[in-house]
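Pasting final10.tsv here (TSV, C-alpha atoms and all ligand atoms):
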chain	number	residue	atom	x	y	z
A	1	MET	CA	4.91	4.88	16.52
A	2	LEU	CA	6.51	2.09	14.50
A	3	HIS	CA	4.43	-1.09	14.33
A	4	LYS	CA	1.53	0.75	15.93
A	5	ASN	CA	-1.17	-1.25	14.17
A	6	THR	CA	0.65	-4.54	14.45
A	7	LEU	CA	1.15	-3.96	18.16
A	8	LYS	CA	-2.51	-3.16	18.62
A	9	TYR	CA	-3.49	-6.52	17.15
A	10	LEU	CA	-0.94	-8.36	19.25
A	11	TYR	CA	-2.32	-6.79	22.42
A	12	GLN	CA	-5.76	-7.75	21.23
A	13	ASP	CA	-4.68	-11.40	20.78
A	14	LEU	CA	-2.98	-11.49	24.14
A	15	ASP	CA	-5.93	-9.85	25.86
A	16	ALA	CA	-8.29	-12.41	24.32
A	17	LEU	CA	-6.07	-15.31	25.43
A	18	ILE	CA	-5.84	-14.07	29.01
A	19	ARG	CA	-9.60	-13.55	29.17
A	20	GLN	CA	-10.30	-17.03	27.77
A	21	TYR	CA	-7.93	-18.64	30.27
A	22	SER	CA	-9.30	-16.64	33.22
A	23	ALA	CA	-12.81	-17.73	32.24
A	24	ASN	CA	-11.66	-21.38	31.98
A	25	GLN	CA	-12.49	-21.49	28.29
A	26	ILE	CA	-9.05	-22.87	27.43
A	27	ASP	CA	-6.78	-25.07	29.50
A	28	ARG	CA	-3.39	-24.14	30.89
A	29	PHE	CA	-1.49	-26.05	28.22
A	30	SER	CA	-3.29	-24.29	25.33
A	31	PHE	CA	-2.86	-20.93	27.00
A	32	VAL	CA	0.89	-21.26	27.50
A	33	SER	CA	1.48	-22.70	24.04
A	34	GLU	CA	-0.58	-19.94	22.37
A	35	VAL	CA	1.32	-17.22	24.27
A	36	GLU	CA	4.59	-18.93	23.33
A	37	ARG	CA	3.50	-19.03	19.68
A	38	LEU	CA	2.66	-15.30	19.83
A	39	LYS	CA	6.04	-14.62	21.36
A	40	GLN	CA	7.98	-16.55	18.74
A	41	ALA	CA	6.04	-15.16	15.80
A	42	ASN	CA	6.63	-11.59	16.91
A	43	GLU	CA	10.21	-11.49	18.02
A	44	VAL	CA	10.93	-8.27	16.15
A	45	ILE	CA	8.08	-6.45	17.82
A	46	LEU	CA	8.94	-7.87	21.23
A	47	ASP	CA	12.45	-6.58	20.82
A	48	GLY	CA	11.26	-3.09	20.13
A	49	ASN	CA	8.57	-2.92	22.79
A	50	GLU	CA	9.38	-3.55	26.42
A	51	ASP	CA	5.80	-3.28	27.69
A	52	PHE	CA	4.59	-5.98	25.35
A	53	ALA	CA	7.59	-8.19	26.11
A	54	GLU	CA	6.92	-7.85	29.84
A	55	LEU	CA	3.29	-8.71	29.41
A	56	VAL	CA	4.14	-11.83	27.40
A	57	GLU	CA	6.72	-12.95	29.94
A	58	SER	CA	4.28	-12.39	32.79
A	59	ALA	CA	1.66	-14.42	30.97
A	60	LEU	CA	4.14	-17.24	30.42
A	61	LEU	CA	5.12	-17.17	34.07
A	62	GLU	CA	1.42	-17.27	34.88
A	63	LYS	CA	1.36	-14.37	37.28
A	64	GLU	CA	-1.94	-13.46	38.89
A	65	TYR	CA	-4.46	-13.42	36.13
A	66	GLU	CA	-6.64	-10.62	37.43
A	67	ILE	CA	-3.65	-8.27	37.38
A	68	LEU	CA	-2.58	-9.65	34.03
A	69	GLU	CA	-6.06	-9.10	32.61
A	70	GLN	CA	-5.98	-5.51	33.82
A	71	MET	CA	-2.50	-4.97	32.34
A	72	ALA	CA	-3.52	-6.37	28.97
A	73	SER	CA	-6.67	-4.28	28.67
A	74	THR	CA	-4.87	-1.08	29.70
A	75	ALA	CA	-2.13	-1.78	27.15
A	76	LEU	CA	-4.77	-2.45	24.50
A	77	GLU	CA	-6.61	0.80	25.26
A	78	ASN	CA	-3.34	2.75	25.10
A	79	ALA	CA	-2.43	1.15	21.79
A	80	LYS	CA	-5.87	2.00	20.41
A	81	ALA	CA	-5.77	5.64	21.46
A	82	PRO	CA	-4.14	7.77	18.79
A	83	SER	CA	-0.77	8.76	20.22
A	84	SER	CA	-0.68	11.82	18.00
A	85	ALA	CA	-2.68	13.30	15.17
A	86	ILE	CA	-4.63	10.86	12.99
A	87	ARG	CA	-2.75	9.75	9.88
A	88	ILE	CA	-4.34	8.56	6.69
A	89	LEU	CA	-2.85	6.33	4.02
A	90	ILE	CA	-4.28	6.83	0.54
A	91	LEU	CA	-3.16	3.95	-1.68
A	92	THR	CA	-4.13	3.97	-5.33
A	93	GLY	CA	-3.90	1.76	-8.39
A	94	ALA	CA	-4.56	1.90	-12.11
A	95	GLY	CA	-8.31	2.48	-11.60
A	96	ILE	CA	-7.77	6.07	-10.48
A	97	SER	CA	-6.18	6.94	-13.83
A	98	ALA	CA	-8.72	4.98	-15.90
A	99	GLU	CA	-10.99	7.98	-16.43
A	100	SER	CA	-8.02	9.99	-17.64
A	101	GLY	CA	-7.77	7.44	-20.45
A	102	VAL	CA	-4.84	5.42	-19.08
A	103	ARG	CA	-5.60	1.73	-19.43
A	104	THR	CA	-5.70	-0.47	-16.34
A	105	PHE	CA	-3.96	-3.86	-16.32
A	106	ARG	CA	-6.53	-6.50	-15.47
A	107	ASP	CA	-9.89	-5.06	-16.52
A	108	SER	CA	-11.50	-6.48	-19.69
A	109	ASP	CA	-9.76	-3.91	-21.92
A	110	GLY	CA	-6.62	-3.87	-19.73
A	111	LEU	CA	-3.00	-3.92	-20.88
A	112	TRP	CA	-2.51	-7.55	-19.93
A	113	GLU	CA	-5.17	-8.48	-22.50
A	114	GLU	CA	-2.99	-7.06	-25.26
A	115	TYR	CA	0.48	-7.85	-23.89
A	116	ASP	CA	1.92	-10.91	-22.20
A	117	VAL	CA	2.85	-9.56	-18.78
A	118	MET	CA	5.74	-12.03	-18.48
A	119	GLU	CA	7.21	-10.83	-21.77
A	120	VAL	CA	7.14	-7.09	-21.05
A	121	CYS	CA	7.14	-6.86	-17.27
A	122	SER	CA	9.32	-9.64	-15.89
A	123	VAL	CA	13.04	-10.09	-15.35
A	124	GLU	CA	13.06	-13.16	-17.63
A	125	GLY	CA	11.18	-11.33	-20.38
A	126	PHE	CA	13.58	-8.39	-20.16
A	127	GLU	CA	16.60	-10.69	-20.44
A	128	ARG	CA	15.03	-12.46	-23.42
A	129	ASN	CA	14.02	-9.36	-25.35
A	130	PRO	CA	15.08	-5.94	-23.98
A	131	LYS	CA	13.97	-4.17	-27.18
A	132	LEU	CA	10.39	-5.43	-26.76
A	133	VAL	CA	10.36	-4.12	-23.17
A	134	ALA	CA	11.84	-0.75	-24.21
A	135	ASP	CA	9.18	-0.45	-26.94
A	136	PHE	CA	6.46	-1.26	-24.41
A	137	TYR	CA	7.61	1.50	-22.04
A	138	ASP	CA	8.11	3.96	-24.93
A	139	ALA	CA	4.47	3.35	-25.86
A	140	ARG	CA	3.36	3.90	-22.24
A	141	ARG	CA	5.26	7.22	-22.15
A	142	ARG	CA	3.77	8.39	-25.44
A	143	ASP	CA	0.36	7.42	-24.14
A	144	ILE	CA	0.44	9.43	-20.91
A	145	GLU	CA	1.79	12.61	-22.52
A	146	SER	CA	-1.64	13.58	-23.80
A	147	LYS	CA	-3.54	12.49	-20.67
A	148	HIS	CA	-4.73	14.79	-17.91
A	149	PRO	CA	-5.40	14.33	-14.21
A	150	ASN	CA	-9.06	13.76	-13.36
A	151	ALA	CA	-11.21	14.85	-10.42
A	152	ALA	CA	-10.02	11.93	-8.27
A	153	HIS	CA	-6.32	12.87	-8.69
A	154	GLU	CA	-7.27	16.47	-7.92
A	155	MET	CA	-9.18	15.47	-4.78
A	156	VAL	CA	-6.17	13.51	-3.46
A	157	ALA	CA	-3.87	16.43	-4.33
A	158	ARG	CA	-6.17	18.86	-2.52
A	159	LEU	CA	-6.17	16.72	0.63
A	160	LYS	CA	-2.40	16.24	0.58
A	161	GLN	CA	-1.84	19.99	0.13
A	162	LYS	CA	-4.21	20.76	2.99
A	163	TYR	CA	-2.90	18.11	5.44
A	164	PRO	CA	0.70	17.45	4.32
A	165	ASN	CA	1.75	15.75	7.56
A	166	GLN	CA	-1.36	13.70	8.13
A	167	ILE	CA	-1.83	12.18	4.72
A	168	ASP	CA	0.50	9.78	2.91
A	169	VAL	CA	-0.13	9.22	-0.78
A	170	LEU	CA	1.26	5.94	-2.12
A	171	THR	CA	0.51	4.72	-5.61
A	172	GLN	CA	1.20	1.64	-7.67
A	173	ASN	CA	0.84	3.81	-10.76
A	174	VAL	CA	3.84	4.73	-12.83
A	175	ASP	CA	2.12	7.66	-14.56
A	176	ASP	CA	2.69	11.25	-13.42
A	177	LEU	CA	-0.95	12.33	-13.10
A	178	PHE	CA	-0.76	12.99	-9.35
A	179	GLU	CA	2.24	15.26	-9.87
A	180	ARG	CA	0.43	17.07	-12.67
A	181	ALA	CA	-2.56	17.51	-10.37
A	182	GLY	CA	-0.20	19.29	-7.93
A	183	CYS	CA	0.01	16.50	-5.35
A	184	PRO	CA	3.23	16.81	-3.33
A	185	ASP	CA	5.39	13.91	-2.09
A	186	VAL	CA	3.75	11.03	-3.94
A	187	ILE	CA	5.46	7.69	-3.31
A	188	HIS	CA	5.54	5.56	-6.47
A	189	LEU	CA	5.76	1.97	-5.26
A	190	HIS	CA	6.41	0.55	-8.73
A	191	GLY	CA	8.57	3.33	-10.14
A	192	THR	CA	8.04	6.14	-12.62
A	193	LEU	CA	7.55	6.11	-16.39
A	194	THR	CA	9.05	9.55	-16.92
A	195	ASP	CA	12.43	8.52	-15.48
A	196	LEU	CA	15.09	6.07	-16.64
A	197	ARG	CA	17.72	4.25	-14.63
A	198	CYS	CA	21.36	3.59	-15.44
A	199	GLU	CA	22.30	-0.05	-14.85
A	200	GLU	CA	25.96	0.93	-14.35
A	201	CYS	CA	25.83	3.76	-11.79
A	202	GLN	CA	22.13	3.37	-10.72
A	203	CYS	CA	21.53	7.07	-11.42
A	204	VAL	CA	17.83	7.83	-12.00
A	205	PHE	CA	17.20	10.65	-14.44
A	206	GLU	CA	14.22	12.29	-16.06
A	207	ILE	CA	13.33	11.57	-19.65
A	208	GLY	CA	9.80	12.94	-19.73
A	209	TYR	CA	7.72	11.42	-22.53
A	210	LYS	CA	10.60	10.73	-24.92
A	211	SER	CA	11.78	7.39	-26.27
A	212	GLN	CA	14.41	5.60	-24.20
A	213	ILE	CA	16.05	4.05	-27.26
A	214	GLY	CA	19.65	5.23	-27.66
A	215	VAL	CA	19.65	7.34	-24.45
A	216	ILE	CA	22.91	7.49	-22.51
A	217	CYS	CA	23.38	8.10	-18.80
A	218	PRO	CA	23.99	11.80	-18.03
A	219	ALA	CA	26.20	10.86	-15.06
A	220	CYS	CA	28.48	8.10	-16.40
A	221	GLN	CA	27.69	8.08	-20.15
A	222	SER	CA	26.81	4.40	-20.08
A	223	GLU	CA	24.44	3.07	-22.74
A	224	ASN	CA	23.20	0.46	-20.33
A	225	ILE	CA	19.92	2.18	-19.54
A	226	ARG	CA	16.56	0.74	-18.52
A	227	HIS	CA	13.04	1.82	-17.64
A	228	ASN	CA	12.51	2.94	-14.04
A	229	VAL	CA	9.63	0.56	-13.40
A	230	VAL	CA	9.78	-2.50	-11.16
A	231	MET	CA	9.35	-5.85	-12.93
A	232	PHE	CA	8.00	-9.14	-11.67
A	233	GLY	CA	10.92	-11.10	-10.27
A	234	GLU	CA	12.78	-8.14	-8.80
A	235	GLU	CA	12.63	-6.31	-5.52
A	236	ALA	CA	10.42	-3.27	-5.07
A	237	PRO	CA	12.47	-1.09	-2.72
A	238	MET	CA	9.53	1.12	-1.86
A	239	TYR	CA	7.59	-1.76	-0.28
A	240	GLN	CA	9.51	-1.10	2.92
A	241	LYS	CA	8.08	2.39	2.95
A	242	LEU	CA	4.63	0.89	2.37
A	243	GLN	CA	4.97	-1.40	5.39
A	244	GLN	CA	6.18	1.46	7.55
A	245	THR	CA	3.33	3.73	6.43
A	246	ILE	CA	0.77	1.01	7.11
A	247	ASP	CA	2.12	0.71	10.62
A	248	GLU	CA	2.03	4.43	11.21
A	249	CYS	CA	-1.39	5.27	9.78
A	250	ASP	CA	-4.82	4.97	11.36
A	251	VAL	CA	-7.09	5.13	8.32
A	252	PHE	CA	-6.70	3.24	5.04
A	253	VAL	CA	-8.22	4.61	1.82
A	254	VAL	CA	-7.80	2.52	-1.32
A	255	ILE	CA	-8.80	3.66	-4.80
A	256	GLY	CA	-8.74	1.67	-8.04
A	257	THR	CA	-6.74	-1.48	-7.44
A	258	SER	CA	-7.61	-5.14	-7.96
A	259	GLY	CA	-5.33	-6.08	-5.06
A	260	GLN	CA	-3.68	-8.73	-7.24
A	261	VAL	CA	-0.19	-7.37	-6.69
A	262	LEU	CA	-0.55	-5.63	-3.32
A	263	ASN	CA	-2.79	-7.57	-0.99
A	264	VAL	CA	-4.82	-4.55	0.11
A	265	GLY	CA	-7.51	-6.75	1.67
A	266	TRP	CA	-4.94	-8.23	4.02
A	267	TYR	CA	-3.60	-4.78	4.94
A	268	ALA	CA	-7.13	-3.47	5.57
A	269	GLN	CA	-7.51	-5.89	8.49
A	270	TRP	CA	-4.92	-3.91	10.43
A	271	PHE	CA	-6.98	-0.73	10.32
A	272	GLU	CA	-9.98	0.25	12.34
A	273	HIS	CA	-11.14	2.52	9.52
A	274	SER	CA	-10.88	1.60	5.85
A	275	LEU	CA	-12.49	2.55	2.56
A	276	LEU	CA	-12.29	0.87	-0.84
A	277	ASN	CA	-13.39	2.37	-4.16
A	278	ASN	CA	-13.32	0.06	-7.18
A	279	LEU	CA	-15.53	-0.21	-10.21
A	280	ASP	CA	-16.74	-3.75	-9.68
A	281	PRO	CA	-17.60	-5.85	-6.62
A	282	ASP	CA	-14.98	-8.40	-5.60
A	283	ASP	CA	-15.87	-10.94	-2.93
A	284	SER	CA	-12.24	-11.66	-2.17
A	285	LEU	CA	-11.52	-8.00	-1.39
A	286	ASP	CA	-14.62	-6.04	-0.40
A	287	PRO	CA	-15.41	-7.82	2.91
A	288	TYR	CA	-12.11	-6.63	4.41
A	289	PHE	CA	-13.09	-2.96	4.13
A	290	LYS	CA	-15.49	-1.05	6.38
A	291	VAL	CA	-16.75	1.27	3.63
A	292	VAL	CA	-16.94	0.17	-0.03
A	293	TYR	CA	-17.97	2.21	-3.07
A	294	HIS	CA	-18.44	0.44	-6.40
A	295	GLU	CA	-18.40	3.29	-8.86
A	296	LYS	CA	-16.03	5.36	-10.94
A	297	ALA	CA	-13.40	7.12	-8.86
A	298	THR	CA	-14.52	10.53	-10.13
A	299	GLU	CA	-18.06	9.77	-8.96
A	300	ALA	CA	-16.90	8.64	-5.52
A	301	THR	CA	-14.55	11.61	-5.16
A	302	GLU	CA	-16.81	13.83	-3.09
A	303	LYS	CA	-17.71	11.02	-0.68
A	304	ILE	CA	-14.08	10.00	-0.25
A	305	GLU	CA	-13.07	13.57	0.48
A	306	VAL	CA	-15.80	13.91	3.14
A	307	TYR	CA	-14.76	10.56	4.65
A	308	VAL	CA	-11.11	11.64	4.93
A	309	GLU	CA	-11.90	15.14	6.23
A	310	LYS	CA	-14.15	13.66	8.92
A	311	PHE	CA	-11.08	12.20	10.64
A	312	LEU	CA	-8.92	15.26	10.19
A	313	SER	CA	-11.37	17.80	11.47
A	314	ILE	CA	-11.95	15.96	14.79
B	1	LIG	P1	-5.55	-3.60	-12.04
B	1	LIG	O1	-5.72	-3.43	-13.49
B	1	LIG	O2	-5.15	-4.94	-11.54
B	1	LIG	O3	-6.91	-3.21	-11.29
B	1	LIG	C1	-7.59	-2.04	-11.61
B	1	LIG	C2	-8.72	-1.84	-10.61
B	1	LIG	O4	-9.28	-0.55	-10.84
B	1	LIG	C3	-9.86	-2.84	-10.71
B	1	LIG	O5	-10.16	-3.31	-9.41
B	1	LIG	C4	-11.04	-2.03	-11.26
B	1	LIG	O6	-12.29	-2.41	-10.66
B	1	LIG	C5	-10.69	-0.63	-10.80
B	1	LIG	N1	-11.20	0.42	-11.70
B	1	LIG	C6	-11.26	0.45	-13.04
B	1	LIG	N2	-11.74	1.61	-13.49
B	1	LIG	C7	-12.03	2.35	-12.38
B	1	LIG	C8	-12.56	3.65	-12.16
B	1	LIG	N3	-12.93	4.44	-13.16
B	1	LIG	N4	-12.71	4.08	-10.88
B	1	LIG	C9	-12.37	3.26	-9.85
B	1	LIG	N5	-11.86	2.04	-10.00
B	1	LIG	C10	-11.68	1.59	-11.23
B	1	LIG	O7	-4.53	-2.46	-11.57
B	1	LIG	P2	-3.62	-2.40	-10.25
B	1	LIG	O8	-4.30	-3.06	-9.12
B	1	LIG	O9	-3.21	-1.00	-10.09
B	1	LIG	O10	2.58	-3.24	-11.85
B	1	LIG	O11	-2.37	-3.26	-10.71
B	1	LIG	C11	-1.31	-3.44	-9.82
B	1	LIG	C12	-0.01	-3.59	-10.58
B	1	LIG	O12	-0.15	-4.65	-11.52
B	1	LIG	C13	0.38	-2.40	-11.41
B	1	LIG	O13	1.04	-1.40	-10.67
B	1	LIG	C14	1.28	-2.99	-12.44
B	1	LIG	C15	0.56	-4.28	-12.74
B	1	LIG	O14	1.35	-5.37	-13.10
B	1	LIG	C16	3.69	-3.00	-12.59
B	1	LIG	O15	3.65	-2.69	-13.74
B	1	LIG	C17	4.96	-3.15	-11.84

Rewrite the coordinates I just gave you, this time as structure tokens.
Amino acid sequence: MLHKNTLKYLYQDLDALIRQYSANQIDRFSFVSEVERLKQANEVILDGNEDFAELVESALLEKEYEILEQMASTALENAKAPSSAIRILILTGAGISAESGVRTFRDSDGLWEEYDVMEVCSVEGFERNPKLVADFYDARRRDIESKHPNAAHEMVARLKQKYPNQIDVLTQNVDDLFERAGCPDVIHLHGTLTDLRCEECQCVFEIGYKSQIGVICPACQSENIRHNVVMFGEEAPMYQKLQQTIDECDVFVVIGTSGQVLNVGWYAQWFEHSLLNNLDPDDSLDPYFKVVYHEKATEATEKIEVYVEKFLSI
């Protein structure tokens, strides 16, 4: 299951190379060097997949090409066929919470118009002025307390409740509107506003909508406490989970993200089925998706739900 999508594209590349060589469209030297390049660039996947490794080796040894061609297309068909139930990745960004009154980051009235992102959301900014950063996150917490989930959060929650094992909900948002909509098992890629983290013992604990100023760690009593949100310049541990989920899922549904932090256009290329819902057209993003809706998330909700259910009711 792991690397399913990646493997599919590798088989596709290999299949195309073998076909081109068999049809004399590329010469022997180009063929062997391209297969070698594919082999070197994908060592990890070769390690974990004997069939693919064997196919690459056979291609390099230039076995009979008719047999090789057959092997490659069978492998490609197998990789394409869903090995188990269809899985759908729903990945969201600030746009899904916009109609709940939570400001996005990069739209014209977005947070980065008012704040300097490098002052309040970067490792350097935090080192320079931790109080400014704490005030920023206090304000974000106060802000979301009065906000409510909208129809788009509720639609995602409904789908996740109905198909818990076939849908993965990953969000870049640090608000808790999915949880309040009743959505189980949401993965917050950039952390959570309603939690704090102890810098001493790394314990993560809930603070709700309260100020973080003067809070001490409930586990080790340290005063060295910080927001539980990832900053520019530090690792986002949940990105590993994102990569794994991309590899495991068959359908990619993206709602309300500019793709400036997570390159959702790039990811979309690994899926046969993909949908994007953003407010405004974006030529650097839209062409990578099969279905694109430019409208408010709450207006696209019904269509997105039908799109997702279409795969799950097969
Ligand atoms: P952005 O502010 O970059 O993008 C918001 C997207 O939502 C845009 O593409 C809008 O077109 C779209 N949008 C706005 N209103 C919408 C609506 N009502 N319905 C549908 N779409 C709408 O936000 P993100 O892409 O989520 O990171 O930003 C990614 C990360 O950058 C955030 O998680 C945050 C920020 O720096 C951290 O704070 C760690």

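Taking CA of Leu189 (chain A) as the reference point, CA of Ile246 (chain A) is found at 13.4 Å.
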
Which of A:Ser258, A:Gln20, A:Gln269, A:Ser73 sits closest to ligand LIG 1 (chain B) [using all atoms listed in the file]: A:Ser258

Can you work out which one of A:His153, A:Thr192, A:Asp107, A:Val253 has the shortest atom-to-atom distance to Ile167 (chain A), counting only C-alpha atoms? A:Val253

Given a cut-off of 6 Å, what residues near ligand LIG 1 (chain B) show up using all atoms listed in the file, put as a list in words? Gly93, Ala94, Gly95, Ile96, Ala98, Glu99, Thr104, Phe105, Arg106, Asp107, Gln172, Asn173, His190, Val230, Met231, Gly256, Thr257, Ser258, Gly259, Gln260, Val261, Asn277, Asn278, Leu279, Asp280, Lys296 and Ala297 of chain A

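With all atoms listed in the file taken into account, the protein and nucleic acid residues at most 10 Å from Val123 (chain A) (excluding it and anything under 4 positions from it in its own chain) are Met118, Glu119, Glu127, Arg128, Pro130, Val230, Met231, Phe232, Gly233 and Glu234 of chain A.
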
With C-alpha atoms retained, export the selected residues as a CSV table (one decimal), in the coordinates of the input.
chain,number,residue,atom,x,y,z
A,118,MET,CA,5.7,-12.0,-18.5
A,119,GLU,CA,7.2,-10.8,-21.8
A,127,GLU,CA,16.6,-10.7,-20.4
A,128,ARG,CA,15.0,-12.5,-23.4
A,130,PRO,CA,15.1,-5.9,-24.0
A,230,VAL,CA,9.8,-2.5,-11.2
A,231,MET,CA,9.4,-5.8,-12.9
A,232,PHE,CA,8.0,-9.1,-11.7
A,233,GLY,CA,10.9,-11.1,-10.3
A,234,GLU,CA,12.8,-8.1,-8.8

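Shortest atom-to-atom contact with Lys160 (chain A) among A:Ser146, A:Leu38, A:Glu57, A:Leu89: A:Leu89, counting all atoms listed in the file.
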
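Minimum distance to Lys303 (chain A) across A:Met155, A:Val229, A:Leu60, A:Ile18 (counting only C-alpha atoms) occurs at A:Met155.
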
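Compared by their closest atoms to Glu199 (chain A), and using only C-alpha atoms, the residues A:Ile225, A:Leu68, A:Ala151, A:Ile187 rank with A:Ile225 nearest.
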
Completion of region 58-77 of chain A up to N, CA and C atoms, as a compact mmCIF listing (two decimals), in the coordinates of the input:
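The resulting file, part.txt, is reproduced below:
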# COMPACT_ATOMS: atom_id res chain seq x y z
N SER A 58 5.14 -12.20 31.61
CA SER A 58 4.28 -12.39 32.79
C SER A 58 3.23 -13.45 32.53
N ALA A 59 2.68 -13.43 31.31
CA ALA A 59 1.66 -14.42 30.97
C ALA A 59 2.27 -15.81 30.98
N LEU A 60 3.49 -15.93 30.46
CA LEU A 60 4.14 -17.24 30.42
C LEU A 60 4.48 -17.74 31.82
N LEU A 61 4.80 -16.78 32.70
CA LEU A 61 5.12 -17.17 34.07
C LEU A 61 3.86 -17.37 34.91
N GLU A 62 2.72 -17.10 34.24
CA GLU A 62 1.42 -17.27 34.88
C GLU A 62 1.32 -16.50 36.19
N LYS A 63 1.55 -15.22 36.10
CA LYS A 63 1.36 -14.37 37.28
C LYS A 63 -0.14 -14.30 37.57
N GLU A 64 -0.52 -13.51 38.54
CA GLU A 64 -1.94 -13.46 38.89
C GLU A 64 -2.76 -12.95 37.72
N TYR A 65 -3.77 -13.72 37.37
CA TYR A 65 -4.46 -13.42 36.13
C TYR A 65 -5.33 -12.18 36.17
N GLU A 66 -5.82 -11.84 37.35
CA GLU A 66 -6.64 -10.62 37.43
C GLU A 66 -5.77 -9.42 37.09
N ILE A 67 -4.57 -9.39 37.64
CA ILE A 67 -3.65 -8.27 37.38
C ILE A 67 -3.26 -8.28 35.90
N LEU A 68 -2.99 -9.48 35.42
CA LEU A 68 -2.58 -9.65 34.03
C LEU A 68 -3.68 -9.16 33.08
N GLU A 69 -4.91 -9.50 33.42
CA GLU A 69 -6.06 -9.10 32.61
C GLU A 69 -6.15 -7.58 32.56
N GLN A 70 -5.94 -6.97 33.73
CA GLN A 70 -5.98 -5.51 33.82
C GLN A 70 -4.87 -4.89 32.97
N MET A 71 -3.65 -5.48 33.10
CA MET A 71 -2.50 -4.97 32.34
C MET A 71 -2.75 -5.03 30.83
N ALA A 72 -3.29 -6.17 30.41
CA ALA A 72 -3.52 -6.37 28.97
C ALA A 72 -4.56 -5.41 28.45
N SER A 73 -5.67 -5.20 29.22
CA SER A 73 -6.67 -4.28 28.67
C SER A 73 -6.18 -2.83 28.70
N THR A 74 -5.40 -2.45 29.70
CA THR A 74 -4.87 -1.08 29.70
C THR A 74 -3.95 -0.88 28.50
N ALA A 75 -3.07 -1.88 28.27
CA ALA A 75 -2.13 -1.78 27.15
C ALA A 75 -2.90 -1.68 25.84
N LEU A 76 -3.97 -2.46 25.73
CA LEU A 76 -4.77 -2.45 24.50
C LEU A 76 -5.43 -1.08 24.29
N GLU A 77 -5.98 -0.52 25.36
CA GLU A 77 -6.61 0.80 25.26
C GLU A 77 -5.59 1.85 24.83
